[in-house]
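*Asks:* Supplied structure: structure20.csv, CSV, C-alpha atoms (C1' of nucleotides).
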```csv
chain,number,residue,atom,x,y,z
J,1,MET,CA,66.5,257.8,45.0
J,2,ASN,CA,70.0,256.8,45.9
J,3,SER,CA,72.3,258.2,48.5
J,4,PHE,CA,74.5,260.1,46.2
J,5,GLU,CA,71.5,262.0,44.8
J,6,ILE,CA,70.5,262.8,48.3
J,7,TYR,CA,73.9,264.0,49.1
J,8,LYS,CA,73.9,266.3,46.1
J,9,ILE,CA,70.5,267.7,46.9
J,10,LEU,CA,71.4,268.4,50.5
J,11,LYS,CA,74.7,270.0,49.5
J,12,ASN,CA,73.0,272.2,47.0
J,13,HIS,CA,70.5,273.2,49.7
J,14,PHE,CA,72.7,273.8,52.7
J,15,GLY,CA,76.0,274.5,50.9
J,16,GLU,CA,79.4,273.3,52.1
J,17,VAL,CA,79.3,272.1,55.7
J,18,GLY,CA,83.1,272.2,55.8
J,19,SER,CA,84.9,270.9,58.9
J,20,TRP,CA,81.9,271.2,61.0
J,21,TRP,CA,83.2,268.9,63.7
J,22,PRO,CA,85.4,270.9,66.1
J,23,LYS,CA,89.0,270.5,65.0
J,24,ASP,CA,90.7,271.4,68.2
J,25,GLY,CA,92.5,268.1,68.1
J,26,PRO,CA,91.7,264.4,68.0
J,27,PHE,CA,91.3,264.0,71.7
J,28,GLU,CA,88.6,266.6,71.9
J,29,VAL,CA,86.8,264.7,69.1
J,30,ILE,CA,86.9,261.6,71.3
J,31,ILE,CA,85.6,263.4,74.3
J,32,GLY,CA,82.9,265.1,72.2
J,33,SER,CA,81.8,261.8,70.6
J,34,ILE,CA,81.1,260.4,74.1
J,35,LEU,CA,79.5,263.5,75.4
J,36,THR,CA,77.1,263.7,72.4
J,37,GLN,CA,75.6,260.3,73.1
J,38,GLN,CA,71.9,260.9,73.4
J,39,SER,CA,72.4,264.6,73.8
J,40,THR,CA,72.2,267.8,71.7
J,41,TRP,CA,75.3,269.4,70.3
J,42,THR,CA,74.6,272.8,72.0
J,43,ASN,CA,74.8,271.1,75.4
J,44,VAL,CA,78.0,269.3,74.4
J,45,GLU,CA,79.6,272.5,73.4
J,46,LYS,CA,79.0,273.9,76.9
J,47,ALA,CA,80.7,270.9,78.4
J,48,LEU,CA,83.6,271.1,76.0
J,49,GLN,CA,83.9,274.8,76.7
J,50,ASN,CA,84.1,274.0,80.5
J,51,LEU,CA,86.9,271.5,79.9
J,52,LYS,CA,88.8,274.0,77.8
J,53,GLU,CA,88.5,276.8,80.4
J,54,ALA,CA,89.7,274.3,83.0
J,55,ASN,CA,92.6,273.6,80.7
J,56,VAL,CA,91.7,269.9,80.4
J,57,LEU,CA,92.9,269.0,77.0
J,58,THR,CA,94.7,265.6,77.2
J,59,PRO,CA,94.1,262.1,78.6
J,60,LYS,CA,96.6,262.9,81.3
J,61,ASP,CA,94.6,266.0,82.3
J,62,ILE,CA,91.5,263.9,82.6
J,63,VAL,CA,92.9,261.3,84.9
J,64,SER,CA,94.6,263.8,87.1
J,65,LEU,CA,91.2,265.4,87.7
J,66,PRO,CA,89.0,264.3,90.6
J,67,LEU,CA,86.1,262.4,89.1
J,68,ASN,CA,83.6,264.7,90.8
J,69,THR,CA,85.3,267.7,89.2
J,70,LEU,CA,85.0,266.0,85.8
J,71,LYS,CA,81.4,265.4,86.4
J,72,GLU,CA,80.8,269.0,87.2
J,73,LEU,CA,82.6,270.2,84.1
J,74,ILE,CA,80.6,268.0,81.7
J,75,LYS,CA,77.2,268.3,83.5
J,76,PRO,CA,75.5,270.3,80.8
J,77,SER,CA,75.8,267.4,78.4
J,78,GLY,CA,73.5,265.3,80.5
J,79,PHE,CA,74.1,261.7,81.8
J,80,PHE,CA,77.2,263.1,83.4
J,81,ASN,CA,77.8,260.3,85.9
J,82,GLN,CA,78.1,257.6,83.2
J,83,LYS,CA,79.9,259.9,80.7
J,84,ALA,CA,82.5,260.9,83.3
J,85,GLU,CA,83.2,257.3,84.0
J,86,ARG,CA,83.5,256.5,80.3
J,87,ILE,CA,85.8,259.4,79.5
J,88,ARG,CA,88.0,258.6,82.4
J,89,LYS,CA,88.2,254.9,81.5
J,90,VAL,CA,89.1,255.7,77.9
J,91,SER,CA,91.7,258.2,79.0
J,92,GLU,CA,93.3,255.6,81.4
J,93,TYR,CA,93.4,253.1,78.5
J,94,LEU,CA,95.0,255.6,76.1
J,95,ILE,CA,97.7,256.4,78.7
J,96,GLU,CA,98.4,252.8,79.6
J,97,LYS,CA,98.6,251.5,76.1
J,98,TYR,CA,99.9,254.4,74.1
J,99,ASN,CA,101.2,256.8,76.7
J,100,GLY,CA,98.5,259.2,75.6
J,101,ASP,CA,99.8,259.4,72.0
J,102,LEU,CA,96.8,259.1,69.7
J,103,ASP,CA,98.9,258.9,66.6
J,104,LEU,CA,100.0,255.5,67.7
J,105,LEU,CA,96.4,254.3,68.0
J,106,PHE,CA,95.4,255.9,64.7
J,107,ALA,CA,98.3,254.2,62.9
J,108,LYS,CA,96.3,251.0,63.0
J,109,ASP,CA,94.2,250.1,60.0
J,110,ARG,CA,90.6,251.0,60.0
J,111,LYS,CA,89.2,247.6,60.9
J,112,ASN,CA,91.6,246.9,63.7
J,113,LEU,CA,91.1,250.4,65.0
J,114,ARG,CA,87.3,249.9,65.1
J,115,ASP,CA,87.5,246.5,66.9
J,116,GLU,CA,89.8,248.0,69.5
J,117,LEU,CA,87.5,251.0,70.1
J,118,LEU,CA,84.5,248.8,70.4
J,119,GLN,CA,86.1,246.9,73.2
J,120,LEU,CA,86.1,250.0,75.4
J,121,LYS,CA,83.2,250.5,77.6
J,122,GLY,CA,81.1,253.4,76.5
J,123,ILE,CA,82.1,253.2,72.9
J,124,GLY,CA,79.6,251.6,70.7
J,125,LYS,CA,79.3,251.5,66.9
J,126,GLU,CA,78.3,255.1,66.3
J,127,THR,CA,80.8,256.5,68.7
J,128,ALA,CA,83.6,254.3,67.3
J,129,ASP,CA,82.7,255.3,63.7
J,130,SER,CA,82.6,259.0,64.7
J,131,ILE,CA,86.1,258.7,66.2
J,132,ILE,CA,87.5,257.0,63.2
J,133,LEU,CA,85.9,259.4,60.7
J,134,TYR,CA,86.6,262.7,62.5
J,135,ALA,CA,89.6,262.0,64.7
J,136,ALA,CA,91.5,259.3,62.9
J,137,GLU,CA,90.3,260.7,59.6
J,138,LYS,CA,89.7,257.3,57.9
J,139,ASN,CA,86.9,256.3,55.6
J,140,GLU,CA,84.3,255.0,58.1
J,141,PHE,CA,80.8,256.2,57.4
J,142,VAL,CA,78.7,257.2,60.5
J,143,VAL,CA,75.0,256.7,60.7
J,144,ASP,CA,72.9,258.0,63.6
J,145,ALA,CA,69.3,258.6,64.7
J,146,TYR,CA,69.0,261.4,62.2
J,147,THR,CA,70.1,259.1,59.3
J,148,LYS,CA,67.7,256.4,60.3
J,149,ARG,CA,64.8,258.9,60.6
J,150,VAL,CA,65.5,260.5,57.3
J,151,TYR,CA,65.9,257.3,55.4
J,152,SER,CA,62.8,255.6,56.9
J,153,ARG,CA,60.7,258.7,56.2
J,154,LEU,CA,61.8,258.6,52.6
J,155,LYS,CA,60.7,255.0,52.6
J,156,ILE,CA,64.2,253.9,51.5
J,157,VAL,CA,64.6,251.5,54.4
J,158,GLU,CA,62.3,250.2,57.1
J,159,GLU,CA,62.1,252.0,60.4
J,160,GLU,CA,63.6,249.2,62.4
J,161,ILE,CA,66.8,248.7,60.3
J,162,ASP,CA,69.8,248.1,62.4
J,163,TYR,CA,73.0,250.1,62.4
J,164,GLU,CA,75.2,248.0,60.1
J,165,ASN,CA,72.5,247.4,57.5
J,166,LEU,CA,71.8,251.1,57.2
J,167,LYS,CA,75.4,251.9,57.0
J,168,ASN,CA,76.1,249.3,54.3
J,169,HIS,CA,73.1,250.4,52.3
J,170,ILE,CA,74.5,253.9,52.1
J,171,ILE,CA,78.2,253.2,51.5
J,172,ARG,CA,77.2,251.0,48.5
J,173,GLU,CA,75.7,254.1,46.9
J,174,ILE,CA,78.4,256.7,47.5
J,175,PRO,CA,82.1,257.1,46.5
J,176,GLU,CA,84.4,256.1,49.3
J,177,GLU,CA,86.1,259.5,50.0
J,178,LEU,CA,86.9,260.9,53.4
J,179,LEU,CA,85.6,264.4,52.8
J,180,LEU,CA,82.4,263.1,51.3
J,181,TYR,CA,81.8,260.8,54.2
J,182,GLN,CA,82.3,263.7,56.6
J,183,GLU,CA,80.3,266.1,54.5
J,184,PHE,CA,77.3,263.8,54.0
J,185,HIS,CA,77.0,263.0,57.6
J,186,GLY,CA,77.2,266.7,58.5
J,187,LEU,CA,74.5,267.5,56.0
J,188,ILE,CA,72.2,264.8,57.4
J,189,VAL,CA,72.7,266.2,60.9
J,190,LEU,CA,71.7,269.6,59.6
J,191,LEU,CA,68.6,268.2,58.0
J,192,GLY,CA,67.6,266.0,60.9
J,193,LYS,CA,68.1,268.8,63.5
J,194,ASN,CA,66.5,271.7,61.7
J,195,ILE,CA,64.0,270.2,59.2
J,196,CYS,CA,63.4,266.5,59.5
J,197,LYS,CA,62.7,266.7,63.2
J,198,LYS,CA,61.0,264.0,65.2
J,199,LYS,CA,58.3,266.2,66.5
J,200,ASN,CA,57.6,269.3,64.4
J,201,PRO,CA,59.2,268.6,61.1
J,202,ASN,CA,59.4,271.5,58.7
J,203,CYS,CA,58.5,269.6,55.6
J,204,LYS,CA,57.7,272.8,53.7
J,205,GLU,CA,61.4,273.8,53.9
J,206,CYS,CA,62.7,270.3,53.1
J,207,PRO,CA,64.7,269.9,49.9
J,208,LEU,CA,63.7,266.3,49.7
J,209,SER,CA,60.0,266.8,50.2
J,210,SER,CA,59.1,266.0,46.6
J,211,LYS,CA,60.5,262.5,47.0
J,212,CYS,CA,59.1,262.0,50.5
J,213,LYS,CA,56.0,260.0,51.5
J,214,PHE,CA,56.1,261.3,55.0
J,215,ILE,CA,55.0,264.9,54.5
J,216,LYS,CA,53.1,266.5,57.4
L,217,DC,C1',73.9,229.9,73.3
L,218,DA,C1',72.1,233.8,70.8
L,219,DT,C1',69.1,237.1,69.8
L,220,DA,C1',65.2,240.3,71.3
L,221,DC,C1',63.4,243.5,74.2
L,222,DA,C1',63.2,246.7,78.3
L,223,DT,C1',65.4,249.9,81.3
L,224,DG,C1',68.4,253.4,83.6
L,225,DC,C1',71.1,257.3,82.8
L,226,DT,C1',70.5,263.6,83.2
L,227,DT,C1',70.5,268.3,81.5
L,228,DT,C1',68.9,271.7,78.4
L,229,DC,C1',65.9,273.5,74.9
L,230,DG,C1',61.8,274.4,72.4
L,231,DG,C1',56.9,273.4,72.0
L,232,DT,C1',52.3,273.4,74.0
L,233,DC,C1',48.8,274.7,76.9
L,234,DC,C1',46.1,277.2,80.0
L,235,DA,C1',45.8,281.2,83.6
L,236,DG,C1',46.2,286.0,84.3
R,237,DC,C1',49.3,288.1,74.4
R,238,DT,C1',52.5,286.8,78.0
R,239,DG,C1',54.6,283.8,81.2
R,240,DG,C1',55.3,280.0,83.4
R,241,DA,C1',54.4,275.2,84.5
R,242,DC,C1',54.9,271.1,82.0
R,243,DC,C1',56.5,267.7,78.6
R,244,DG,C1',59.1,265.3,75.3
R,245,DA,C1',63.1,265.2,72.4
R,246,DA,C1',68.1,265.4,71.8
R,247,DA,C1',74.7,262.4,67.5
R,248,DG,C1',73.7,255.9,72.5
R,249,DC,C1',75.4,252.4,75.4
R,250,DA,C1',75.5,248.7,78.8
R,251,DT,C1',73.1,245.6,81.4
R,252,DG,C1',69.6,242.4,82.8
R,253,DT,C1',65.9,239.3,81.8
R,254,DA,C1',62.9,236.9,78.6
R,255,DT,C1',62.4,234.0,74.4
R,256,DG,C1',63.8,230.4,70.8
```
Hey, can you dump this file as structure tokens for me?
*Replies:*
Amino acid sequence: MNSFEIYKILKNHFGEVGSWWPKDGPFEVIIGSILTQQSTWTNVEKALQNLKEANVLTPKDIVSLPLNTLKELIKPSGFFNQKAERIRKVSEYLIEKYNGDLDLLFAKDRKNLRDELLQLKGIGKETADSIILYAAEKNEFVVDAYTKRVYSRLKIVEEEIDYENLKNHIIREIPEELLLYQEFHGLIVLLGKNICKKKNPNCKECPLSSKCKFIK
DNA sequence: CATACATGCTTTCGGTCCAG
DNA sequence: CTGGACCGAAAGCATGTATG
């Protein structure tokens, strides 16, 4: 079974995901992509809500905030000490290099943008790709723990496959289109979060169960 | 040198598992 | 059955040490 088939089955099952990532602006996407590292989205939403209520919406707002206040605001997302440092460092960088104007950063081509993001502490491959796909809106596919779990349970790839290999496997099998990249990733998140869970998977509800060897 | 593997980082949520 | 203590999982990343 190839990735485009999986996409169609998931879309048929869940329907249109739409712009499921919060579109309150590209800077919020960057913050969100850091906050969501190793954390659930519901917790990240609380942290983002706190920032909004405190009127912290731009890189300049972040750096003018005492670090401890930032930590308090993002506490619900977990790992708040590290994440606060990372968010502040990234904000400082954006101000120094682009005067806080993200359009300048996103004007770069996809590869250069990715390399630049990866040099920032706290931004690894998945976070960089999320920023490119959802904030810069360029065709960079995102794979994550859900993707790896789903694909390895389907026996399409081995469990220990690394990030780039899984990503390359998938992009070879699907059309290179922004909306499809966003939609497919969103659908996999829905599947991984609600059905293909690590602990109590709901295989009976899974639209892919007939193709899956895992089945519990 | 470079690649592999282990560890620290934190809160919230949803199970599991007995005691009452 | 009910609740509450308890446990592991949840959209990763950087750093340090071991291994070849």
*Asks:* Find the residues near Lys52 of chain J: any atom within 10 Å, counting all atoms listed in the file, skip ones fewer than 5 places away on the same chain, and give them as a PyMOL selection string.
*Replies:* chain J and resi 28+46-47+57+73
*Asks:* When you look at DA235 of chain L with a cut-off of 12 Å (counting all atoms listed in the file), what residues show up, excluding the ones that are within fewer than 5 positions of it in the same chain? I need them as a count of residues only.
*Replies:* 4
*Asks:* Can you work out which residues from chain R touch chain J at a cut-off of 7 Å (counting all atoms listed in the file) and hand them back as a list in words?
*Replies:*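 Result, ordered by chain then number: DA246, DA247, DG248 and DC249 of chain R.
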*Asks:* Counting all atoms listed in the file, which residues from chain J have an atom at most 6 Å from any atom of chain L, and could you show them as a PyMOL selection string?
*Replies:* chain J and resi 76+78-79
*Asks:* Could you tell me how far atom CA of Ile132 of chain J sits from atom CA of Ile9 of chain J, in Å to one decimal place?
*Replies:* 25.9 Å
*Asks:* Work out how far apart atom CA of Asn202 of chain J and atom CA of Ile188 of chain J are and give it in Å to one decimal.
*Replies:*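 So the answer is 14.5 Å.
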